[in-house]
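Shown next: my_file29.txt, containing compact mmCIF, C-alpha atoms and all ligand atoms.
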```
# COMPACT_ATOMS: atom_id res chain seq x y z
CA MET O 1143 17.97 118.58 60.16
CA LEU O 1144 20.74 119.28 57.66
CA ASP O 1145 22.37 122.27 59.41
CA ALA O 1146 22.83 120.42 62.69
CA THR O 1147 23.87 117.17 60.94
CA ALA O 1148 26.63 118.84 58.93
CA LYS O 1149 27.92 120.63 62.03
CA ALA O 1150 27.94 117.33 63.96
CA LEU O 1151 29.69 115.47 61.13
CA PHE O 1152 32.50 118.00 60.79
CA HIS O 1153 32.78 118.30 64.55
CA GLY O 1154 33.38 114.51 64.60
CA LEU O 1155 35.85 114.61 61.70
CA ALA O 1156 37.77 117.40 63.45
CA GLN O 1157 38.62 114.88 66.19
CA VAL O 1158 40.19 112.30 63.81
CA PRO O 1159 44.00 112.45 64.24
CA THR O 1160 44.86 110.92 60.81
CA LEU O 1161 42.79 113.51 59.01
CA GLN O 1162 44.37 116.24 61.08
CA ARG O 1163 47.87 114.97 60.19
CA LEU O 1164 47.05 114.80 56.47
CA ALA O 1165 45.45 118.23 56.48
CA SER O 1166 48.40 119.73 58.35
CA ARG O 1167 50.78 118.33 55.74
CA TYR O 1168 48.94 119.62 52.66
CA GLY O 1169 46.54 122.31 53.81
CA MET O 1170 48.92 125.25 53.98
CA ALA O 1171 51.46 124.17 51.35
CA PRO O 1172 52.98 127.31 49.76
CA GLY O 1173 50.82 128.52 46.91
CA THR O 1174 48.58 125.46 46.62
CA GLY O 1175 47.32 124.69 50.15
CA PHE O 1176 43.53 124.22 50.19
CA ALA O 1177 43.18 125.89 53.60
CA ARG O 1178 44.77 129.13 52.37
CA ARG O 1179 41.41 130.40 51.21
CA PHE O 1180 40.34 130.66 54.87
CA ILE O 1181 43.66 130.94 56.76
CA ALA O 1182 45.91 133.94 56.13
CA GLY O 1183 49.17 132.14 56.98
CA GLU O 1184 50.94 130.17 59.66
CA THR O 1185 52.88 133.14 61.08
CA VAL O 1186 51.89 136.71 61.90
CA GLU O 1187 54.33 137.93 59.24
CA GLU O 1188 52.50 135.87 56.59
CA ALA O 1189 49.12 137.10 57.85
CA ILE O 1190 50.21 140.75 57.80
CA ALA O 1191 51.46 140.30 54.23
CA ALA O 1192 48.21 138.56 53.20
CA VAL O 1193 46.04 141.45 54.44
CA ALA O 1194 48.29 144.29 53.26
CA ASP O 1195 45.81 145.36 50.57
CA LEU O 1196 42.64 145.27 52.73
CA PRO O 1197 42.89 148.86 54.09
CA SER O 1198 43.26 150.31 50.58
CA LYS O 1199 39.94 148.63 49.74
CA GLY O 1200 38.31 150.30 52.73
CA LEU O 1201 38.21 147.10 54.82
CA LEU O 1202 38.94 147.03 58.55
CA LEU O 1203 40.49 143.95 60.12
CA THR O 1204 40.97 141.92 63.26
CA LEU O 1205 43.78 139.37 63.51
CA ASP O 1206 43.22 136.05 65.28
CA TYR O 1207 46.13 133.84 66.28
CA LEU O 1208 44.45 130.44 66.06
CA GLY O 1209 44.48 128.08 69.01
CA GLU O 1210 42.02 126.57 71.47
CA SER O 1211 41.51 123.82 74.03
CA VAL O 1212 44.99 124.11 75.50
CA GLY O 1213 45.52 121.46 78.20
CA SER O 1214 48.38 122.77 80.38
CA ALA O 1215 49.35 126.01 82.11
CA ALA O 1216 52.67 125.97 80.22
CA GLU O 1217 50.97 125.84 76.81
CA ALA O 1218 48.54 128.60 77.84
CA SER O 1219 51.42 130.77 79.01
CA ALA O 1220 53.25 130.17 75.72
CA ALA O 1221 50.12 131.27 73.82
CA ALA O 1222 49.92 134.47 75.89
CA ALA O 1223 53.63 135.16 75.25
CA GLU O 1224 53.01 134.62 71.54
CA TYR O 1225 50.15 137.13 71.65
CA VAL O 1226 52.40 139.71 73.32
CA SER O 1227 54.95 139.22 70.56
CA ILE O 1228 52.19 139.46 67.92
CA ILE O 1229 51.07 142.76 69.44
CA GLU O 1230 54.63 144.10 69.05
CA LYS O 1231 54.76 142.93 65.44
CA ILE O 1232 51.37 144.46 64.62
CA VAL O 1233 52.52 147.79 66.08
CA ALA O 1234 55.77 147.64 64.09
CA SER O 1235 53.93 146.76 60.85
CA GLY O 1236 51.40 149.59 61.07
CA VAL O 1237 48.34 147.38 60.43
CA GLU O 1238 45.17 148.02 62.39
CA ARG O 1239 45.45 147.32 66.12
CA ASN O 1240 42.61 144.89 66.64
CA ILE O 1241 42.88 141.25 67.76
CA SER O 1242 40.51 138.38 68.57
CA LEU O 1243 41.33 135.48 70.88
CA LYS O 1244 39.86 132.49 72.68
CA LEU O 1245 39.99 131.85 76.43
CA THR O 1246 40.60 128.08 76.10
CA GLN O 1247 43.76 129.05 74.22
CA LEU O 1248 44.80 130.98 77.34
CA GLY O 1249 44.12 128.22 79.86
CA LEU O 1250 40.39 128.28 80.65
CA ASP O 1251 40.41 124.46 80.72
CA VAL O 1252 43.31 124.52 83.20
CA ASP O 1253 41.62 126.94 85.58
CA ARG O 1254 39.95 130.33 85.57
CA ALA O 1255 42.85 132.12 87.29
CA THR O 1256 45.29 131.00 84.58
CA ALA O 1257 43.05 132.40 81.86
CA VAL O 1258 42.58 135.70 83.74
CA ASP O 1259 46.33 136.08 84.35
CA ASN O 1260 47.11 135.41 80.69
CA MET O 1261 44.42 137.87 79.59
CA ARG O 1262 46.01 140.53 81.82
CA ARG O 1263 49.43 139.85 80.29
CA ILE O 1264 47.94 140.50 76.86
CA LEU O 1265 45.77 143.48 77.84
CA GLU O 1266 48.65 145.38 79.38
CA PRO O 1267 50.56 145.95 76.10
CA ALA O 1268 47.27 145.96 74.16
CA ASP O 1269 45.83 148.83 76.25
CA ALA O 1270 49.13 150.73 76.15
CA ASN O 1271 49.14 150.57 72.35
CA GLY O 1272 45.47 151.34 71.70
CA PHE O 1273 44.35 147.85 70.66
CA PHE O 1274 40.81 146.55 70.79
CA VAL O 1275 40.68 142.94 72.04
CA ARG O 1276 37.68 140.75 71.23
CA ILE O 1277 37.14 137.60 73.28
CA ASP O 1278 35.59 135.07 70.88
CA MET O 1279 32.76 132.95 72.24
CA GLU O 1280 33.31 129.19 72.34
CA ASN O 1281 30.71 126.49 72.93
CA SER O 1282 28.06 126.75 75.62
CA PRO O 1283 29.97 125.09 78.50
CA TYR O 1284 32.25 128.17 78.35
CA THR O 1285 29.63 130.92 78.08
CA ASP O 1286 29.33 131.67 81.81
CA ALA O 1287 33.08 131.56 82.37
CA THR O 1288 33.78 133.80 79.36
CA LEU O 1289 31.25 136.43 80.43
CA GLY O 1290 32.48 136.16 84.05
CA ILE O 1291 36.11 136.75 83.08
CA LEU O 1292 35.13 139.67 80.88
CA GLU O 1293 33.21 141.18 83.81
CA THR O 1294 36.30 140.76 86.05
CA LEU O 1295 38.51 142.48 83.49
CA TRP O 1296 35.95 145.25 83.02
CA GLN O 1297 35.79 145.87 86.77
CA GLN O 1298 39.58 146.08 86.79
CA GLY O 1299 39.30 148.99 84.38
CA HIS O 1300 39.98 147.39 81.00
CA ARG O 1301 37.73 149.12 78.50
CA ASN O 1302 39.13 148.12 75.11
CA VAL O 1303 37.75 144.64 75.40
CA GLY O 1304 34.52 143.08 74.19
CA THR O 1305 32.99 139.71 73.39
CA VAL O 1306 30.68 137.72 71.15
CA ILE O 1307 27.07 136.62 71.57
CA GLN O 1308 25.54 133.73 69.61
CA SER O 1309 21.94 134.02 68.45
CA CYS O 1310 21.52 130.22 68.57
CA LEU O 1311 21.69 130.24 72.38
CA LYS O 1312 18.40 130.69 74.20
CA ARG O 1313 20.11 132.67 76.99
CA SER O 1314 21.46 135.36 74.64
CA PRO O 1315 18.71 138.02 75.07
CA ASP O 1316 19.56 138.20 78.80
CA ASP O 1317 23.32 138.28 78.15
CA ILE O 1318 22.94 141.06 75.60
CA ARG O 1319 20.88 143.15 78.01
CA THR O 1320 23.60 142.81 80.67
CA LEU O 1321 26.41 143.68 78.25
CA ASN O 1322 24.50 146.64 76.81
CA GLY O 1323 23.89 147.88 80.36
CA ARG O 1324 27.65 147.90 81.00
CA GLY O 1325 28.50 149.50 77.66
CA ILE O 1326 30.53 146.46 76.59
CA ARG O 1327 30.95 145.99 72.87
CA VAL O 1328 29.26 142.89 71.39
CA ARG O 1329 29.85 141.02 68.15
CA LEU O 1330 26.64 139.21 67.19
CA VAL O 1331 27.01 135.84 65.38
CA LYS O 1332 24.73 132.87 64.76
CA GLY O 1333 27.06 130.41 66.54
CA ALA O 1334 29.55 127.95 65.06
CA TYR O 1335 29.26 125.01 67.47
CA LYS O 1336 27.01 122.00 67.68
CA GLU O 1337 24.87 122.71 70.75
CA PRO O 1338 22.27 120.59 72.60
CA ARG O 1339 18.61 121.47 72.10
CA GLU O 1340 18.18 122.25 75.82
CA VAL O 1341 20.28 125.37 75.42
CA ALA O 1342 20.14 126.23 71.72
CA HIS O 1343 17.70 126.71 68.84
CA GLN O 1344 18.23 123.92 66.29
CA ARG O 1345 16.39 125.25 63.26
CA LYS O 1346 17.98 127.84 60.97
CA SER O 1347 14.70 129.78 60.93
CA GLU O 1348 14.77 130.10 64.75
CA VAL O 1349 18.45 131.07 64.84
CA ASP O 1350 17.82 133.69 62.14
CA ALA O 1351 14.73 135.12 63.89
CA ALA O 1352 16.73 135.40 67.12
CA PHE O 1353 19.59 137.05 65.22
CA VAL O 1354 17.25 139.76 63.89
CA GLU O 1355 15.80 140.46 67.33
CA LEU O 1356 19.23 140.64 68.97
CA MET O 1357 20.56 142.84 66.15
CA GLN O 1358 17.71 145.30 66.81
CA THR O 1359 18.42 145.38 70.56
CA LEU O 1360 22.11 145.94 69.88
CA LEU O 1361 21.49 148.74 67.40
CA ASP O 1362 19.07 150.43 69.81
CA GLU O 1363 20.96 149.99 73.08
CA GLY O 1364 24.41 148.57 72.38
CA THR O 1365 27.83 150.19 72.18
CA TYR O 1366 29.18 150.14 68.62
CA PRO O 1367 27.96 146.58 67.92
CA ALA O 1368 29.38 144.30 65.25
CA ILE O 1369 26.91 142.38 63.10
CA ALA O 1370 28.97 139.38 61.98
CA THR O 1371 27.36 137.29 59.25
CA HIS O 1372 27.63 136.37 55.58
CA ASP O 1373 23.89 135.88 55.33
CA PRO O 1374 22.40 138.42 52.89
CA ASP O 1375 19.02 138.24 54.68
CA MET O 1376 20.59 139.21 58.04
CA ILE O 1377 22.58 141.97 56.37
CA ASP O 1378 19.49 143.35 54.63
CA ALA O 1379 17.48 143.20 57.87
CA THR O 1380 20.24 145.21 59.59
CA LYS O 1381 20.38 147.84 56.85
CA VAL O 1382 16.59 148.20 56.78
CA TYR O 1383 16.30 148.46 60.57
CA ALA O 1384 19.13 151.00 60.87
CA ALA O 1385 17.62 153.12 58.10
CA SER O 1386 14.11 152.93 59.61
CA LYS O 1387 15.49 154.29 62.88
CA GLY O 1388 17.62 156.93 61.18
CA TYR O 1389 20.83 155.43 62.63
CA ALA O 1390 24.08 156.59 61.04
CA LYS O 1391 26.05 153.95 59.13
CA ASP O 1392 28.98 154.27 61.54
CA ARG O 1393 26.87 153.44 64.60
CA PHE O 1394 27.77 149.77 64.03
CA GLU O 1395 29.95 147.63 61.79
CA PHE O 1396 29.52 144.48 59.75
CA GLN O 1397 32.07 141.69 60.08
CA MET O 1398 32.88 138.66 57.91
CA LEU O 1399 35.49 135.93 57.88
CA TYR O 1400 38.61 136.06 55.73
CA GLY O 1401 38.01 134.32 52.40
CA ILE O 1402 34.20 134.24 52.63
CA ARG O 1403 31.93 136.41 50.47
CA ARG O 1404 34.65 138.88 49.46
CA ASP O 1405 32.19 140.29 46.90
CA LEU O 1406 29.69 141.15 49.62
CA GLN O 1407 32.42 142.61 51.83
CA LEU O 1408 33.40 145.09 49.12
CA ALA O 1409 29.79 145.84 48.17
CA LEU O 1410 29.07 146.92 51.77
CA VAL O 1411 32.14 149.18 51.82
CA ASN O 1412 30.98 150.76 48.57
CA GLU O 1413 27.58 151.43 50.14
CA GLY O 1414 29.32 153.32 52.95
CA TYR O 1415 29.13 150.70 55.72
CA ARG O 1416 32.00 149.78 58.02
CA MET O 1417 33.19 146.26 57.27
CA ARG O 1418 35.75 144.33 59.33
CA VAL O 1419 37.40 141.13 58.12
CA TYR O 1420 38.31 138.51 60.74
CA VAL O 1421 41.73 137.23 59.74
CA PRO O 1422 42.82 133.90 61.30
CA PHE O 1423 46.40 132.69 61.15
CA GLY O 1424 48.68 130.21 62.93
CA LYS O 1425 49.62 126.55 62.87
CA GLN O 1426 46.55 125.42 64.86
CA TRP O 1427 44.13 126.11 62.00
CA TYR O 1428 42.48 122.69 61.73
CA PRO O 1429 39.48 123.04 64.15
CA TYR O 1430 38.65 126.50 62.76
CA PHE O 1431 38.90 125.16 59.21
CA MET O 1432 36.61 122.22 59.99
CA ARG O 1433 33.97 124.57 61.45
CA ARG O 1434 34.00 126.48 58.16
CA LEU O 1435 33.46 123.25 56.20
CA GLY O 1436 30.62 122.27 58.54
CA GLU O 1437 28.85 125.58 57.90
CA ARG O 1438 28.87 125.08 54.20
CA PRO O 1439 29.47 121.53 52.99
CA ALA O 1440 29.87 122.95 49.44
CA ASN O 1441 33.30 124.05 50.67
CA VAL O 1442 34.28 120.38 50.72
CA THR O 1443 33.98 120.33 46.91
CA PHE O 1444 36.26 123.35 46.82
CA VAL O 1445 38.83 121.54 48.99
CA LEU O 1446 38.66 118.33 46.94
CA LYS O 1447 39.08 120.29 43.70
CA SER O 1448 42.19 122.01 45.08
CA LEU O 1449 43.59 118.63 46.19
CA PHE O 1450 43.10 117.10 42.74
CA ARG O 1451 44.55 120.20 41.07
CA GLU O 1452 47.65 119.86 43.25
CA ARG O 1453 48.16 116.17 42.47
CA GLY O 1454 46.97 116.29 38.86
P1 LIG O 1501 24.76 131.04 57.50
O1 LIG O 1501 25.60 129.93 58.06
O2 LIG O 1501 23.28 130.92 57.55
O3 LIG O 1501 25.24 131.30 56.02
C1 LIG O 1501 24.64 132.25 55.16
C2 LIG O 1501 25.39 132.31 53.86
O4 LIG O 1501 26.72 132.77 54.09
C3 LIG O 1501 25.59 130.97 53.18
O5 LIG O 1501 24.49 130.62 52.38
C4 LIG O 1501 26.84 131.21 52.37
O6 LIG O 1501 26.54 131.94 51.22
C5 LIG O 1501 27.65 132.09 53.28
N1 LIG O 1501 28.56 131.30 54.14
C6 LIG O 1501 28.41 131.07 55.46
N2 LIG O 1501 29.42 130.32 55.95
C7 LIG O 1501 30.21 130.06 54.91
C8 LIG O 1501 31.43 129.34 54.78
N3 LIG O 1501 32.00 128.72 55.81
N4 LIG O 1501 31.99 129.27 53.54
C9 LIG O 1501 31.42 129.91 52.48
N5 LIG O 1501 30.26 130.61 52.56
C10 LIG O 1501 29.67 130.69 53.75
N6 LIG O 1501 31.00 131.84 65.97
C11 LIG O 1501 31.10 131.54 67.29
O7 LIG O 1501 30.46 130.62 67.76
N7 LIG O 1501 31.93 132.29 68.10
C12 LIG O 1501 32.64 133.35 67.62
O8 LIG O 1501 33.36 134.01 68.38
C13 LIG O 1501 32.54 133.67 66.25
N8 LIG O 1501 33.22 134.72 65.68
C14 LIG O 1501 32.94 135.10 64.40
C15 LIG O 1501 33.50 136.26 63.86
C16 LIG O 1501 33.12 136.71 62.61
C17 LIG O 1501 33.70 137.99 62.08
C18 LIG O 1501 32.18 135.97 61.84
C19 LIG O 1501 31.72 136.44 60.49
C20 LIG O 1501 31.68 134.80 62.33
C21 LIG O 1501 32.06 134.33 63.58
N9 LIG O 1501 31.54 133.15 64.10
C22 LIG O 1501 31.69 132.88 65.43
C23 LIG O 1501 30.89 132.16 63.19
C24 LIG O 1501 29.39 132.29 63.15
O9 LIG O 1501 28.83 131.86 64.37
C25 LIG O 1501 28.79 131.44 62.02
O10 LIG O 1501 29.10 130.10 62.26
C26 LIG O 1501 29.27 131.81 60.62
O11 LIG O 1501 29.39 133.19 60.49
C27 LIG O 1501 28.27 131.30 59.56
O12 LIG O 1501 27.01 131.87 59.77
P2 LIG O 1501 26.39 133.05 58.86
O13 LIG O 1501 25.90 134.11 59.78
O14 LIG O 1501 27.36 133.50 57.86
O15 LIG O 1501 25.09 132.43 58.20
```

What do you get writing this file as C-alpha cells?
Ligand code: FDA
Amino acid sequence: MLDATAKALFHGLAQVPTLQRLASRYGMAPGTGFARRFIAGETVEEAIAAVADLPSKGLLLTLDYLGESVGSAAEASAAAAEYVSIIEKIVASGVERNISLKLTQLGLDVDRATAVDNMRRILEPADANGFFVRIDMENSPYTDATLGILETLWQQGHRNVGTVIQSCLKRSPDDIRTLNGRGIRVRLVKGAYKEPREVAHQRKSEVDAAFVELMQTLLDEGTYPAIATHDPDMIDATKVYAASKGYAKDRFEFQMLYGIRRDLQLALVNEGYRMRVYVPFGKQWYPYFMRRLGERPANVTFVLKSLFRERG
C-alpha cells in the first residue's frame, strides 16, 4: 500500500551516500536551503533564533539536537557533551527548558550501559535546571531497550523524563498501560519508521484506529499526555473525547513538528489548547528530513521547487 511503499522508498534513499552529500551541501544553505522548512538551523544558536517568536504566539516548544545511530562510545560521549552545552545555552537564552533526544545518539548501539551513562550526564544538569527530557522512540528493535532504560532512570529517581509510544505497534496498548501505571509522561505518535507486519499495523486505517484508542486511554489514565499528530481527524477525535469527558484543555497537550501545519498549530492555540512545537536542529538532519519526505511525498515537489528556484 502507498503509505508503506513511500516510507520504504525514502528509508532506502536515506541510505544513499551521494544523495546525502548533495543534500548536505545545498539543504541548509543560508536563506535558500530546502531543508530549512523542517530544520531550525545547524547550531543551537540558530535554532534559538528561529523559534524566538513562538512563545509570543502562545506556542510551547521542545528542542531536538538531531543525531542517531552513533557507532562508537566516543561519538556517543561527544553527543552527550553537546547536549550538556545545549542545556547551558538554553538556560542562558531564556527559551523554554524542554528537550527531546534519541538513545542511539547516546550509544544504544554500542551498549546499554553507555546509553544509560550518557543519559545520566544529561539528566543531571537537566534536572537541576528544571528541564523536561523526552526520549524519542526509534524503530521497533529499540522499543524494549528504550522502555527498559527509562524504567532504570525512573527507579533512580529521575522524574522529569518521559517517552513516546507509536500507535502503529501492536504492543503499544500494553506499554501504555505500564507507563500510565508508573505516572510516566507519554507522547503518542503514529510512528515514523517502516516496520514489519509481524509487529506493526500496515494500513493507515488500523494505525489511526489504534491512535484513537490509545489517545482515550492516555486522556483517562495518563499523566499529562502529548497527542502528537498533524492529522485533523486525530485532533478532532481528541477534542471530542476530552469534551465528552469534561476534561480541562490543560489536562494534555497537542504537539506538531516544526514547519508542518503552522496554520493548525495556531488555530489550536486560539481555541485554548496547549500546543508544543518539536524543533529539530543540528548538522545530522538528513535521516530526519527523509522521514518527513516519506510521510508526505508531496513534500518532494516542495523540495524540487526550492532547488529550481535556487538555480534559476
Ligand atoms: P499522517 O501521516 O496520517 O498525516 C496527516 C496529515 O498531516 C497529512 O495529510 C498532512 O496534511 C500532514 N502531514 C503529516 N506529515 C507531514 C509532513 N511530513 N509534511 C507535511 N505535512 C504532513 N515518530 C516516531 O516514530 N518516534 C518519535 O519519537 C516521534 N516523535 C514525534 C514528535 C512530534 C511532536 C510529532 C508531531 C511527531 C513525531 N513522530 C515520531 C512522527 C510521527 O510518528 C509521524 O510519522 C508524523 O507525525 C506523521 O504522522 P501524522 O500523525 O501527522 O499523520

Scan for residues within 10 Å of the point (39.9, 148.5, 49.6) in the coordinates of the file, using all atoms listed in the file, and reply as number ranges by chain.
-> O: 1195-1202, 1407-1408, 1411-1412

Got time to write the residues from that selection, C-alpha atoms, as an mmCIF file, in the frame of the given file?
```cif
data_model
loop_
_atom_site.group_PDB
_atom_site.id
_atom_site.type_symbol
_atom_site.label_atom_id
_atom_site.label_comp_id
_atom_site.auth_asym_id
_atom_site.auth_seq_id
_atom_site.Cartn_x
_atom_site.Cartn_y
_atom_site.Cartn_z
ATOM 1 C CA ASP O 1195 45.810 145.360 50.570
ATOM 2 C CA LEU O 1196 42.640 145.270 52.730
ATOM 3 C CA PRO O 1197 42.890 148.860 54.090
ATOM 4 C CA SER O 1198 43.260 150.310 50.580
ATOM 5 C CA LYS O 1199 39.940 148.630 49.740
ATOM 6 C CA GLY O 1200 38.310 150.300 52.730
ATOM 7 C CA LEU O 1201 38.210 147.100 54.820
ATOM 8 C CA LEU O 1202 38.940 147.030 58.550
ATOM 9 C CA GLN O 1407 32.420 142.610 51.830
ATOM 10 C CA LEU O 1408 33.400 145.090 49.120
ATOM 11 C CA VAL O 1411 32.140 149.180 51.820
ATOM 12 C CA ASN O 1412 30.980 150.760 48.570
#
```

Which segment 1344-1408 of chain O residues have any atom within 10 Å of an atom of segment 1203-1219 of chain O, and for each, what is the nearest pair of atoms with distance in Å to one decimal, counting all atoms listed in the file, rows sorted by chain and number, as CSV?
```
residue,atom,partner,partner_atom,distance
O:Gln1397,CA,O:Leu1203,CA,8.7
O:Met1398,CA,O:Leu1203,CA,9.5
O:Leu1399,CA,O:Leu1203,CA,9.7
O:Tyr1400,CA,O:Leu1203,CA,9.2
```

Have a look at O:Ile1232, O:Ala1351, O:Ile1377, O:Ile1326 and name the one nearest to Leu1292 of chain O; count all atoms listed in the file.
->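 Checking each candidate against Leu1292 of chain O, we get O:Ile1326 as the closest.
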
Top pick for closest residue to Ala1352 of chain O, considering O:Gly1249, O:Pro1338, O:Gly1364, O:Gly1333 and counting all atoms listed in the file =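 Answer, going by the shortest atom-to-atom distance: O:Gly1333.
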
Pick from O:Leu1311, O:Val1349, O:Ala1384, O:Ala1334 nearest to ligand LIG 1501 (chain O), counting all atoms listed in the file =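 Using all atoms listed in the file, the shortest distance to ligand LIG 1501 (chain O) belongs to O:Ala1334.
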
Residues proximal to (23.1, 137.3, 67.7) were defined as those with any atom within 7 Å of that point in the file's coordinates, counting all atoms listed in the file. Which are they, as a compact mmCIF listing (two decimals) with C-alpha atoms, in the frame of the given file?
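Written file, out-v3.txt:
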```txt
# COMPACT_ATOMS: atom_id res chain seq x y z
CA ILE O 1307 27.07 136.62 71.57
CA GLN O 1308 25.54 133.73 69.61
CA SER O 1309 21.94 134.02 68.45
CA LEU O 1330 26.64 139.21 67.19
CA VAL O 1331 27.01 135.84 65.38
CA LYS O 1332 24.73 132.87 64.76
CA ALA O 1352 16.73 135.40 67.12
CA PHE O 1353 19.59 137.05 65.22
CA LEU O 1356 19.23 140.64 68.97
CA MET O 1357 20.56 142.84 66.15
```
